[in-house]
>>> print(open('data.pdb').read())   # PDB, C-alpha atoms
MODEL        1
ATOM      1  CA  MET A   1     -65.493  23.357  18.435
ATOM      2  CA  GLU A   2     -66.632  20.083  19.930
ATOM      3  CA  GLN A   3     -67.162  17.223  17.541
ATOM      4  CA  ALA A   4     -70.691  16.452  16.488
ATOM      5  CA  GLY A   5     -71.728  12.862  16.319
ATOM      6  CA  PRO A   6     -74.501  10.317  16.830
ATOM      7  CA  TRP A   7     -73.628   9.932  20.520
ATOM      8  CA  ARG A   8     -75.460  13.184  21.303
ATOM      9  CA  CYS A   9     -78.631  11.579  22.545
ATOM     10  CA  ALA A  10     -81.421  13.295  24.428
ATOM     11  CA  GLY A  11     -80.734  13.483  28.132
ATOM     12  CA  ARG A  12     -76.992  13.998  27.735
ATOM     13  CA  LEU A  13     -77.180  17.042  30.052
ATOM     14  CA  ARG A  14     -77.457  19.152  26.931
ATOM     15  CA  ARG A  15     -80.126  21.494  25.656
ATOM     16  CA  GLY A  16     -82.366  20.687  22.728
ATOM     17  CA  ARG A  17     -82.862  17.523  20.707
ATOM     18  CA  ALA A  18     -79.657  15.844  19.713
ATOM     19  CA  ARG A  19     -78.583  15.256  16.162
ATOM     20  CA  GLY A  20     -78.198  11.642  15.170
ATOM     21  CA  GLN A  21     -80.253  10.177  18.006
ATOM     22  CA  ARG A  22     -80.996   6.531  17.359
ATOM     23  CA  THR A  23     -84.386   5.317  18.464
ATOM     24  CA  ARG A  24     -86.426   2.244  17.836
ATOM     25  CA  PRO A  25     -89.838   2.538  16.168
ATOM     26  CA  GLY A  26     -92.423   3.618  18.676
ATOM     27  CA  GLY A  27     -89.969   5.543  20.820
ATOM     28  CA  GLU A  28     -89.424   4.486  24.408
ATOM     29  CA  ALA A  29     -89.762   0.844  25.313
ATOM     30  CA  GLY A  30     -93.126  -0.092  26.757
ATOM     31  CA  HIS A  31     -91.950  -1.793  29.946
ATOM     32  CA  SER A  32     -88.840  -2.265  32.060
ATOM     33  CA  GLY A  33     -88.460  -5.923  31.115
ATOM     34  CA  ALA A  34     -87.818  -5.014  27.483
ATOM     35  CA  VAL A  35     -85.241  -2.391  28.471
ATOM     36  CA  GLN A  36     -83.457  -4.818  30.806
ATOM     37  CA  ARG A  37     -83.379  -7.470  28.089
ATOM     38  CA  ARG A  38     -81.731  -5.031  25.684
ATOM     39  CA  LEU A  39     -79.198  -4.100  28.356
ATOM     40  CA  ARG A  40     -78.362  -7.775  28.853
ATOM     41  CA  GLU A  41     -77.858  -8.145  25.109
ATOM     42  CA  ALA A  42     -75.565  -5.098  25.027
ATOM     43  CA  ARG A  43     -73.586  -6.483  27.970
ATOM     44  CA  GLU A  44     -73.042  -9.874  26.347
ATOM     45  CA  GLU A  45     -72.008  -8.260  23.078
ATOM     46  CA  LEU A  46     -69.470  -6.041  24.849
ATOM     47  CA  LEU A  47     -68.028  -8.997  26.765
ATOM     48  CA  SER A  48     -67.439 -10.951  23.561
ATOM     49  CA  SER A  49     -65.894  -7.992  21.728
ATOM     50  CA  PRO A  50     -62.158  -7.135  21.510
ATOM     51  CA  PHE A  51     -63.198  -3.652  22.586
ATOM     52  CA  TRP A  52     -63.782  -4.830  26.172
ATOM     53  CA  ALA A  53     -60.290  -6.333  26.261
ATOM     54  CA  GLY A  54     -58.830  -3.168  24.740
ATOM     55  CA  GLY A  55     -60.696  -0.917  27.128
ATOM     56  CA  GLN A  56     -59.449  -2.995  30.043
ATOM     57  CA  ARG A  57     -55.854  -2.719  28.844
ATOM     58  CA  ALA A  58     -56.192   1.053  28.478
ATOM     59  CA  ILE A  59     -57.342   1.293  32.097
ATOM     60  CA  GLN A  60     -54.645  -1.076  33.340
ATOM     61  CA  GLU A  61     -51.780   0.584  31.485
ATOM     62  CA  SER A  62     -52.726   4.169  32.286
ATOM     63  CA  LEU A  63     -53.292   3.543  35.960
ATOM     64  CA  SER A  64     -50.200   1.373  36.297
ATOM     65  CA  LYS A  65     -48.214   4.460  35.312
ATOM     66  CA  CYS A  66     -49.798   6.264  38.227
ATOM     67  CA  LEU A  67     -48.842   3.404  40.544
ATOM     68  CA  GLU A  68     -45.205   3.799  39.497
ATOM     69  CA  GLN A  69     -45.092   7.013  41.516
ATOM     70  CA  GLY A  70     -44.793   4.924  44.700
ATOM     71  CA  GLU A  71     -45.007   7.094  47.775
ATOM     72  CA  LYS A  72     -46.293   9.979  45.684
ATOM     73  CA  THR A  73     -49.559   8.113  45.252
ATOM     74  CA  PRO A  74     -52.060   8.453  48.152
ATOM     75  CA  GLY A  75     -52.722   5.181  49.958
ATOM     76  CA  SER A  76     -56.406   4.961  49.074
ATOM     77  CA  MET A  77     -55.595   5.658  45.438
ATOM     78  CA  SER A  78     -53.040   2.831  45.358
ATOM     79  CA  GLU A  79     -55.661   0.394  46.623
ATOM     80  CA  VAL A  80     -58.132   1.517  44.007
ATOM     81  CA  LEU A  81     -55.612   1.292  41.186
ATOM     82  CA  CYS A  82     -54.698  -2.214  42.311
ATOM     83  CA  SER A  83     -58.316  -3.179  41.775
ATOM     84  CA  PHE A  84     -58.038  -1.859  38.217
ATOM     85  CA  GLU A  85     -54.903  -3.983  37.802
ATOM     86  CA  ASN A  86     -56.901  -7.076  38.750
ATOM     87  CA  LEU A  87     -59.590  -6.647  36.099
ATOM     88  CA  GLN A  88     -60.327  -9.953  34.370
ATOM     89  CA  LEU A  89     -61.353 -10.629  30.804
ATOM     90  CA  GLU A  90     -63.540 -13.633  31.517
ATOM     91  CA  PRO A  91     -67.280 -12.991  31.269
ATOM     92  CA  SER A  92     -68.871 -13.007  34.687
ATOM     93  CA  HIS A  93     -71.747 -15.341  35.431
ATOM     94  CA  GLN A  94     -73.380 -12.691  37.566
ATOM     95  CA  SER A  95     -76.280 -11.035  35.793
ATOM     96  CA  VAL A  96     -75.842  -7.347  35.131
ATOM     97  CA  MET A  97     -79.559  -6.968  35.627
ATOM     98  CA  LYS A  98     -79.532  -7.885  39.312
ATOM     99  CA  PRO A  99     -78.239  -5.931  42.308
ATOM    100  CA  SER A 100     -74.833  -7.241  43.378
ATOM    101  CA  SER A 101     -74.985  -9.934  46.050
ATOM    102  CA  HIS A 102     -71.213 -10.543  46.351
ATOM    103  CA  SER A 103     -69.147  -8.899  49.015
ATOM    104  CA  GLY A 104     -68.046  -5.664  47.394
ATOM    105  CA  GLU A 105     -68.466  -3.615  50.536
ATOM    106  CA  SER A 106     -64.958  -4.440  51.764
ATOM    107  CA  ALA A 107     -63.411  -3.134  48.553
ATOM    108  CA  CYS A 108     -65.520  -0.018  48.834
ATOM    109  CA  LYS A 109     -64.430   0.616  52.417
ATOM    110  CA  SER A 110     -60.749  -0.184  51.969
ATOM    111  CA  GLY A 111     -60.301   1.879  48.817
ATOM    112  CA  HIS A 112     -63.135   4.348  49.421
ATOM    113  CA  LEU A 113     -64.540   3.401  46.024
ATOM    114  CA  ARG A 114     -67.517   5.307  44.710
ATOM    115  CA  CYS A 115     -68.772   6.016  41.224
ATOM    116  CA  VAL A 116     -70.737   8.983  39.865
ATOM    117  CA  CYS A 117     -72.281   8.863  36.401
ATOM    118  CA  TYR A 118     -73.567  11.894  34.508
ATOM    119  CA  GLY A 119     -75.174  12.184  31.087
ATOM    120  CA  ILE A 120     -75.766   8.541  30.193
ATOM    121  CA  GLY A 121     -78.785   9.606  28.133
ATOM    122  CA  SER A 122     -82.119   8.014  27.338
ATOM    123  CA  PHE A 123     -81.057   4.381  27.349
ATOM    124  CA  SER A 124     -84.566   3.032  26.781
ATOM    125  CA  SER A 125     -84.630   4.495  23.273
ATOM    126  CA  CYS A 126     -81.032   5.394  22.396
ATOM    127  CA  VAL A 127     -78.810   2.466  21.377
ATOM    128  CA  ILE A 128     -75.599   4.381  22.102
ATOM    129  CA  SER A 129     -76.717   5.294  25.621
ATOM    130  CA  ARG A 130     -77.646   1.676  26.278
ATOM    131  CA  TYR A 131     -74.144   0.458  25.413
ATOM    132  CA  GLN A 132     -72.586   3.153  27.584
ATOM    133  CA  LEU A 133     -74.753   2.039  30.511
ATOM    134  CA  ALA A 134     -73.925  -1.630  29.880
ATOM    135  CA  PHE A 135     -70.201  -0.775  29.957
ATOM    136  CA  LEU A 136     -70.660   1.092  33.236
ATOM    137  CA  LEU A 137     -72.441  -1.858  34.823
ATOM    138  CA  LEU A 138     -69.662  -4.196  33.703
ATOM    139  CA  LEU A 139     -67.094  -1.828  35.188
ATOM    140  CA  LEU A 140     -68.892  -1.789  38.534
ATOM    141  CA  GLU A 141     -69.051  -5.565  38.505
ATOM    142  CA  LYS A 142     -65.378  -6.072  37.636
ATOM    143  CA  LEU A 143     -64.197  -3.559  40.241
ATOM    144  CA  GLN A 144     -66.623  -4.969  42.808
ATOM    145  CA  ILE A 145     -68.087  -1.546  43.467
ATOM    146  CA  PRO A 146     -71.473  -2.070  45.135
ATOM    147  CA  LYS A 147     -74.147  -0.727  42.833
ATOM    148  CA  SER A 148     -75.570   1.288  45.713
ATOM    149  CA  GLN A 149     -72.264   3.215  45.621
ATOM    150  CA  CYS A 150     -72.878   4.245  42.010
ATOM    151  CA  TYR A 151     -74.785   7.543  41.801
ATOM    152  CA  ILE A 152     -76.358   8.275  38.433
ATOM    153  CA  PHE A 153     -78.131  11.350  37.085
ATOM    154  CA  ASP A 154     -79.548  12.633  33.845
ATOM    155  CA  PRO A 155     -82.134  15.438  33.766
ATOM    156  CA  LEU A 156     -84.205  13.703  31.110
ATOM    157  CA  PHE A 157     -84.524  10.251  32.646
ATOM    158  CA  SER A 158     -88.085   9.021  32.221
ATOM    159  CA  GLU A 159     -90.058   7.328  34.996
ATOM    160  CA  LEU A 160     -89.476   4.028  33.192
ATOM    161  CA  GLU A 161     -85.709   4.548  33.128
ATOM    162  CA  ILE A 162     -85.612   5.543  36.801
ATOM    163  CA  SER A 163     -87.565   2.377  37.588
ATOM    164  CA  VAL A 164     -85.083   0.237  35.621
ATOM    165  CA  LEU A 165     -82.116   1.869  37.371
ATOM    166  CA  ASN A 166     -83.737   1.294  40.747
ATOM    167  CA  ASP A 167     -84.221  -2.369  39.836
ATOM    168  CA  LEU A 168     -80.547  -2.581  38.894
ATOM    169  CA  GLY A 169     -79.630  -1.371  42.376
ATOM    170  CA  VAL A 170     -77.787   1.824  41.447
ATOM    171  CA  THR A 171     -78.604   5.060  43.280
ATOM    172  CA  VAL A 172     -80.578   7.490  41.130
ATOM    173  CA  VAL A 173     -79.896  11.144  41.979
ATOM    174  CA  LEU A 174     -82.952  13.342  41.482
ATOM    175  CA  GLU A 175     -81.317  16.755  41.923
ATOM    176  CA  ASN A 176     -79.462  18.429  39.063
ATOM    177  CA  GLU A 177     -76.050  19.207  40.558
ATOM    178  CA  GLU A 178     -74.782  20.647  37.249
ATOM    179  CA  GLY A 179     -71.699  18.517  37.837
ATOM    180  CA  LYS A 180     -70.861  20.314  41.115
ATOM    181  CA  HIS A 181     -70.278  17.167  43.121
ATOM    182  CA  ARG A 182     -67.742  17.472  45.937
ATOM    183  CA  ILE A 183     -65.841  14.381  47.006
ATOM    184  CA  HIS A 184     -64.045  13.326  50.201
ATOM    185  CA  GLU A 185     -63.102   9.792  49.160
ATOM    186  CA  PHE A 186     -61.867   8.165  45.999
ATOM    187  CA  THR A 187     -64.448   8.505  43.212
ATOM    188  CA  ILE A 188     -64.633   7.413  39.594
ATOM    189  CA  PHE A 189     -66.630   9.819  37.420
ATOM    190  CA  TYR A 190     -68.142   8.187  34.349
ATOM    191  CA  MET A 191     -69.053  11.068  32.047
ATOM    192  CA  ILE A 192     -69.040   9.879  28.434
ATOM    193  CA  HIS A 193     -69.476  12.760  25.965
ATOM    194  CA  CYS A 194     -70.776  15.240  28.510
ATOM    195  CA  GLY A 195     -70.694  18.999  27.956
ATOM    196  CA  LYS A 196     -67.470  20.852  28.708
ATOM    197  CA  ALA A 197     -69.196  22.876  31.430
ATOM    198  CA  LEU A 198     -69.893  19.674  33.386
ATOM    199  CA  TYR A 199     -66.206  18.753  33.505
ATOM    200  CA  ASN A 200     -65.344  22.356  34.377
ATOM    201  CA  ASN A 201     -67.943  22.483  37.185
ATOM    202  CA  LEU A 202     -66.696  19.184  38.592
ATOM    203  CA  LEU A 203     -63.107  20.438  38.699
ATOM    204  CA  TRP A 204     -64.175  23.710  40.339
ATOM    205  CA  SER A 205     -66.130  21.843  43.034
ATOM    206  CA  ASN A 206     -63.023  19.847  43.926
ATOM    207  CA  TRP A 207     -60.361  22.470  43.325
ATOM    208  CA  SER A 208     -57.698  21.261  45.745
ATOM    209  CA  VAL A 209     -54.703  18.956  45.555
ATOM    210  CA  ASP A 210     -56.298  16.517  47.979
ATOM    211  CA  ALA A 211     -59.645  16.178  46.188
ATOM    212  CA  LEU A 212     -58.340  16.053  42.617
ATOM    213  CA  SER A 213     -55.809  13.359  43.517
ATOM    214  CA  LYS A 214     -58.736  11.160  44.617
ATOM    215  CA  MET A 215     -60.544  11.416  41.283
ATOM    216  CA  ILE A 216     -60.605   9.528  37.996
ATOM    217  CA  ILE A 217     -62.654  10.924  35.110
ATOM    218  CA  ILE A 218     -63.663   8.698  32.217
ATOM    219  CA  GLY A 219     -64.969  11.102  29.600
ATOM    220  CA  ASN A 220     -64.093  13.417  26.727
ATOM    221  CA  SER A 221     -60.382  13.918  26.197
ATOM    222  CA  PHE A 222     -59.146  17.077  27.903
ATOM    223  CA  LYS A 223     -56.351  17.216  25.315
ATOM    224  CA  GLY A 224     -58.992  17.106  22.604
ATOM    225  CA  ILE A 225     -60.914  19.938  24.234
ATOM    226  CA  GLU A 226     -57.722  22.002  24.341
ATOM    227  CA  GLU A 227     -56.987  21.285  20.680
ATOM    228  CA  ARG A 228     -60.473  22.183  19.460
ATOM    229  CA  LEU A 229     -60.927  25.436  21.383
ATOM    230  CA  LEU A 230     -59.119  28.725  20.990
ATOM    231  CA  ALA A 231     -56.969  29.309  24.070
ATOM    232  CA  ARG A 232     -58.822  32.519  24.964
ATOM    233  CA  ILE A 233     -62.200  30.729  24.812
ATOM    234  CA  LEU A 234     -60.924  27.820  26.900
ATOM    235  CA  GLU A 235     -59.555  30.167  29.572
ATOM    236  CA  ARG A 236     -62.618  32.415  29.537
ATOM    237  CA  ASP A 237     -65.372  29.767  29.634
ATOM    238  CA  TYR A 238     -63.672  26.633  30.992
ATOM    239  CA  LEU A 239     -60.894  28.002  33.171
ATOM    240  CA  TYR A 240     -60.602  25.002  35.467
ATOM    241  CA  ILE A 241     -60.044  22.618  32.550
ATOM    242  CA  ALA A 242     -57.390  25.022  31.258
ATOM    243  CA  LYS A 243     -55.681  25.254  34.661
ATOM    244  CA  VAL A 244     -55.597  21.518  35.354
ATOM    245  CA  LEU A 245     -54.152  20.435  31.987
ATOM    246  CA  LYS A 246     -50.554  20.419  33.226
ATOM    247  CA  GLY A 247     -51.618  18.438  36.285
ATOM    248  CA  THR A 248     -53.425  15.759  34.273
ATOM    249  CA  GLU A 249     -52.444  12.383  32.894
ATOM    250  CA  GLU A 250     -54.758  10.828  30.354
ATOM    251  CA  ALA A 251     -54.919   7.689  28.259
ATOM    252  CA  ALA A 252     -57.243   7.202  25.309
ATOM    253  CA  PHE A 253     -59.780   4.423  25.055
ATOM    254  CA  PRO A 254     -59.070   2.065  22.153
ATOM    255  CA  ILE A 255     -60.602   2.792  18.779
ATOM    256  CA  HIS A 256     -62.902   0.033  17.567
ATOM    257  CA  PRO A 257     -65.072   0.488  14.448
ATOM    258  CA  GLN A 258     -68.046  -1.266  16.018
ATOM    259  CA  TYR A 259     -68.130   1.192  18.947
ATOM    260  CA  MET A 260     -66.793   4.326  17.278
ATOM    261  CA  ASP A 261     -70.012   6.272  17.894
ATOM    262  CA  ILE A 262     -70.223   5.178  21.513
ATOM    263  CA  PHE A 263     -66.762   5.874  22.932
ATOM    264  CA  ASN A 264     -65.194   8.205  20.387
ATOM    265  CA  ASP A 265     -62.850  10.791  21.978
ATOM    266  CA  THR A 266     -63.041   9.023  25.352
ATOM    267  CA  SER A 267     -60.050   9.096  27.705
ATOM    268  CA  ILE A 268     -59.218   8.077  31.262
ATOM    269  CA  HIS A 269     -57.976  11.070  33.281
ATOM    270  CA  TRP A 270     -56.230  11.115  36.628
ATOM    271  CA  PHE A 271     -54.383  13.787  38.554
ATOM    272  CA  PRO A 272     -51.080  12.617  40.093
ATOM    273  CA  LEU A 273     -50.341  14.224  43.420
ATOM    274  CA  GLN A 274     -46.850  15.329  42.419
ATOM    275  CA  LYS A 275     -48.022  16.972  39.193
ATOM    276  CA  LEU A 276     -50.720  18.875  41.077
ATOM    277  CA  LYS A 277     -48.176  20.122  43.591
ATOM    278  CA  GLU A 278     -46.051  21.438  40.728
ATOM    279  CA  LEU A 279     -48.817  23.737  39.483
ATOM    280  CA  PRO A 280     -48.146  27.415  40.303
ATOM    281  CA  THR A 281     -49.559  28.779  43.543
ATOM    282  CA  GLU A 282     -51.738  31.282  41.687
ATOM    283  CA  ALA A 283     -53.531  28.395  39.963
ATOM    284  CA  TRP A 284     -55.063  27.421  43.319
ATOM    285  CA  GLN A 285     -55.782  30.943  44.582
ATOM    286  CA  PHE A 286     -58.527  31.758  42.064
ATOM    287  CA  GLN A 287     -61.587  29.692  42.975
ATOM    288  CA  GLU A 288     -64.588  31.643  41.699
ATOM    289  CA  GLU A 289     -67.611  29.613  40.629
ATOM    290  CA  PRO A 290     -68.015  29.341  36.821
ATOM    291  CA  MET A 291     -70.946  31.402  35.508
ATOM    292  CA  TYR A 292     -70.715  31.009  31.680
ATOM    293  CA  GLN A 293     -72.225  34.434  31.021
ATOM    294  CA  GLU A 294     -70.297  34.821  27.768
ATOM    295  CA  CYS A 295     -70.562  31.202  26.653
ATOM    296  CA  ASP A 296     -72.466  30.948  23.364
ATOM    297  CA  ASP A 297     -72.869  27.172  23.381
ATOM    298  CA  LEU A 298     -73.523  26.020  26.926
ATOM    299  CA  GLU A 299     -73.939  22.262  26.644
ATOM    300  CA  ILE A 300     -75.704  21.516  29.923
ATOM    301  CA  ILE A 301     -79.226  21.754  31.201
ATOM    302  CA  ARG A 302     -79.270  24.194  34.102
ATOM    303  CA  LYS A 303     -81.329  23.791  37.266
TER     304      LYS A 303
ENDMDL
END
>>> encode(input="data.pdb", output="structure tokens")
Amino acid sequence: MEQAGPWRCAGRLRRGRARGQRTRPGGEAGHSGAVQRRLREAREELLSSPFWAGGQRAIQESLSKCLEQGEKTPGSMSEVLCSFENLQLEPSHQSVMKPSSHSGESACKSGHLRCVCYGIGSFSSCVISRYQLAFLLLLLEKLQIPKSQCYIFDPLFSELEISVLNDLGVTVVLENEEGKHRIHEFTIFYMIHCGKALYNNLLWSNWSVDALSKMIIIGNSFKGIEERLLARILERDYLYIAKVLKGTEEAAFPIHPQYMDIFNDTSIHWFPLQKLKELPTEAWQFQEEPMYQECDDLEIIRK
């Protein structure tokens, strides 16, 4: 059973109203300026916290292990991981509230860097969602991923939140893909505390050695999902998570008491080419689309 917690905010690609949602009096902020100011405050707090340094080290260390594979690592992936290696701790003077004006296009083209974000939640009213968004924006800035190359979706985004995201320069996706996003170039998926079906759908949509080896998922620990679910339930409802476990490397985000609610159970996942090739042939032969007909607790909002 998946852990309950205050991170389950409305708009997290889940059904119903979330338990533990944190809102300010009066609900949603009245105008985009107030929301942007709160995002700036969250950004500055993250930058001054040991958690940002710890999160950076977790990314560096886990992806350095992938680099150690040498020729086993695809060329584009090596370039992307090098950019992770070069993350800096110093606060940037560039405002997180403004579209990037520096030259990040070259990094995007050379390493085929893109980012897709699902389930960030209602960041105008939910404190936890706001910190998750602030962390994402810092990550884009540090990796020099152009904000236009970050595609973000949540089915419950309000018009105000879409307006704020447009002002930030990220690309707001209006169609509910249910996580079925196919990739052809290296992509970072930022999916903090999303439903298991979203991870499963994403894996199904990219069920090949080539596609999976071009993917990093920052989200709920796959090991944790395996530990909390009965094996028969995992294989029945979330087969692609079950099948990819032996082809996955993951590293946990640091635990920090100040951000326990925000990034609890979060891991960085990648899929080394050699480990994928070692999966049995039959693992790749079954490619039926997940339907979840027997799933009692489907944690996504369907189309």
>>> residues_around(input="data.pdb", residues="A:Phe135", least_positions_apart="4", cutoff="12 Å", atoms="all atoms listed in the file", output="number ranges by chain")
A: 39-47, 49, 51-53, 55-56, 96, 117, 120, 128-131, 139-142, 190, 192, 218, 259, 262-263
>>> residues_around(input="data.pdb", residues="A:Arg114", least_positions_apart="6", cutoff="8 Å", atoms="only C-alpha atoms", output="list in words")
Cys108, Ile145, Gln149, Cys150, Glu185, Phe186, Thr187 and Ile188 of chain A
>>> closest_residue(input="data.pdb", among="A:Val127, A:Ile268, A:Leu276, A:Val172", to="A:Arg57", atoms="only C-alpha atoms")
A:Ile268
>>> closest_residue(input="data.pdb", among="A:Gln287, A:Ser221, A:Asn176, A:Ser32", to="A:Cys194", atoms="all atoms listed in the file")
A:Ser221
>>> resolve_selection(input="data.pdb", expression="the PyMOL selection byres ((chain A and resi 164) around 10)", output="PyMOL selection string")
chain A and resi 31-33+35-36+97+124+158-163+165-170
>>> atom_distance(input="data.pdb", atom1="atom CA of A:Ile183", atom2="atom CA of A:Tyr151")
12.4 Å
>>> atom_distance(input="data.pdb", atom1="atom CA of A:His193", atom2="atom CA of A:Pro290")
19.9 Å
>>> build_atoms(input="data.pdb", residues="stretch 270-288 of chain A", atoms="N, CA and C atoms", output="compact mmCIF listing (two decimals), in the coordinates of the input")
# COMPACT_ATOMS: atom_id res chain seq x y z
N TRP A 270 -56.52 11.10 35.20
CA TRP A 270 -56.23 11.12 36.63
C TRP A 270 -55.24 12.24 36.90
N PHE A 271 -55.11 12.59 38.17
CA PHE A 271 -54.38 13.79 38.55
C PHE A 271 -53.33 13.42 39.61
N PRO A 272 -52.13 13.04 39.15
CA PRO A 272 -51.08 12.62 40.09
C PRO A 272 -50.76 13.70 41.11
N LEU A 273 -50.59 13.29 42.33
CA LEU A 273 -50.34 14.22 43.42
C LEU A 273 -49.15 15.13 43.14
N GLN A 274 -48.05 14.54 42.65
CA GLN A 274 -46.85 15.33 42.42
C GLN A 274 -47.06 16.37 41.33
N LYS A 275 -47.77 16.02 40.27
CA LYS A 275 -48.02 16.97 39.19
C LYS A 275 -48.91 18.12 39.67
N LEU A 276 -49.87 17.82 40.53
CA LEU A 276 -50.72 18.88 41.08
C LEU A 276 -49.91 19.83 41.94
N LYS A 277 -49.00 19.27 42.73
CA LYS A 277 -48.18 20.12 43.59
C LYS A 277 -47.24 21.02 42.80
N GLU A 278 -46.94 20.64 41.57
CA GLU A 278 -46.05 21.44 40.73
C GLU A 278 -46.76 22.58 40.02
N LEU A 279 -48.09 22.62 40.08
CA LEU A 279 -48.82 23.74 39.48
C LEU A 279 -48.50 25.01 40.27
N PRO A 280 -48.47 26.17 39.60
CA PRO A 280 -48.15 27.42 40.30
C PRO A 280 -49.16 27.75 41.38
N THR A 281 -48.69 28.43 42.41
CA THR A 281 -49.56 28.78 43.54
C THR A 281 -50.78 29.56 43.10
N GLU A 282 -50.61 30.45 42.13
CA GLU A 282 -51.74 31.28 41.69
C GLU A 282 -52.85 30.46 41.04
N ALA A 283 -52.50 29.26 40.56
CA ALA A 283 -53.53 28.40 39.96
C ALA A 283 -54.56 27.97 40.99
N TRP A 284 -54.16 27.86 42.26
CA TRP A 284 -55.06 27.42 43.32
C TRP A 284 -55.76 28.59 44.01
N GLN A 285 -55.23 29.79 43.86
CA GLN A 285 -55.78 30.94 44.58
C GLN A 285 -57.11 31.41 44.01
N PHE A 286 -57.27 31.34 42.69
CA PHE A 286 -58.53 31.76 42.06
C PHE A 286 -59.50 30.59 42.11
N GLN A 287 -60.63 30.79 42.82
CA GLN A 287 -61.59 29.69 42.98
C GLN A 287 -63.03 30.17 42.78
N GLU A 288 -63.23 31.14 41.92
CA GLU A 288 -64.59 31.64 41.70
C GLU A 288 -65.42 30.63 40.92
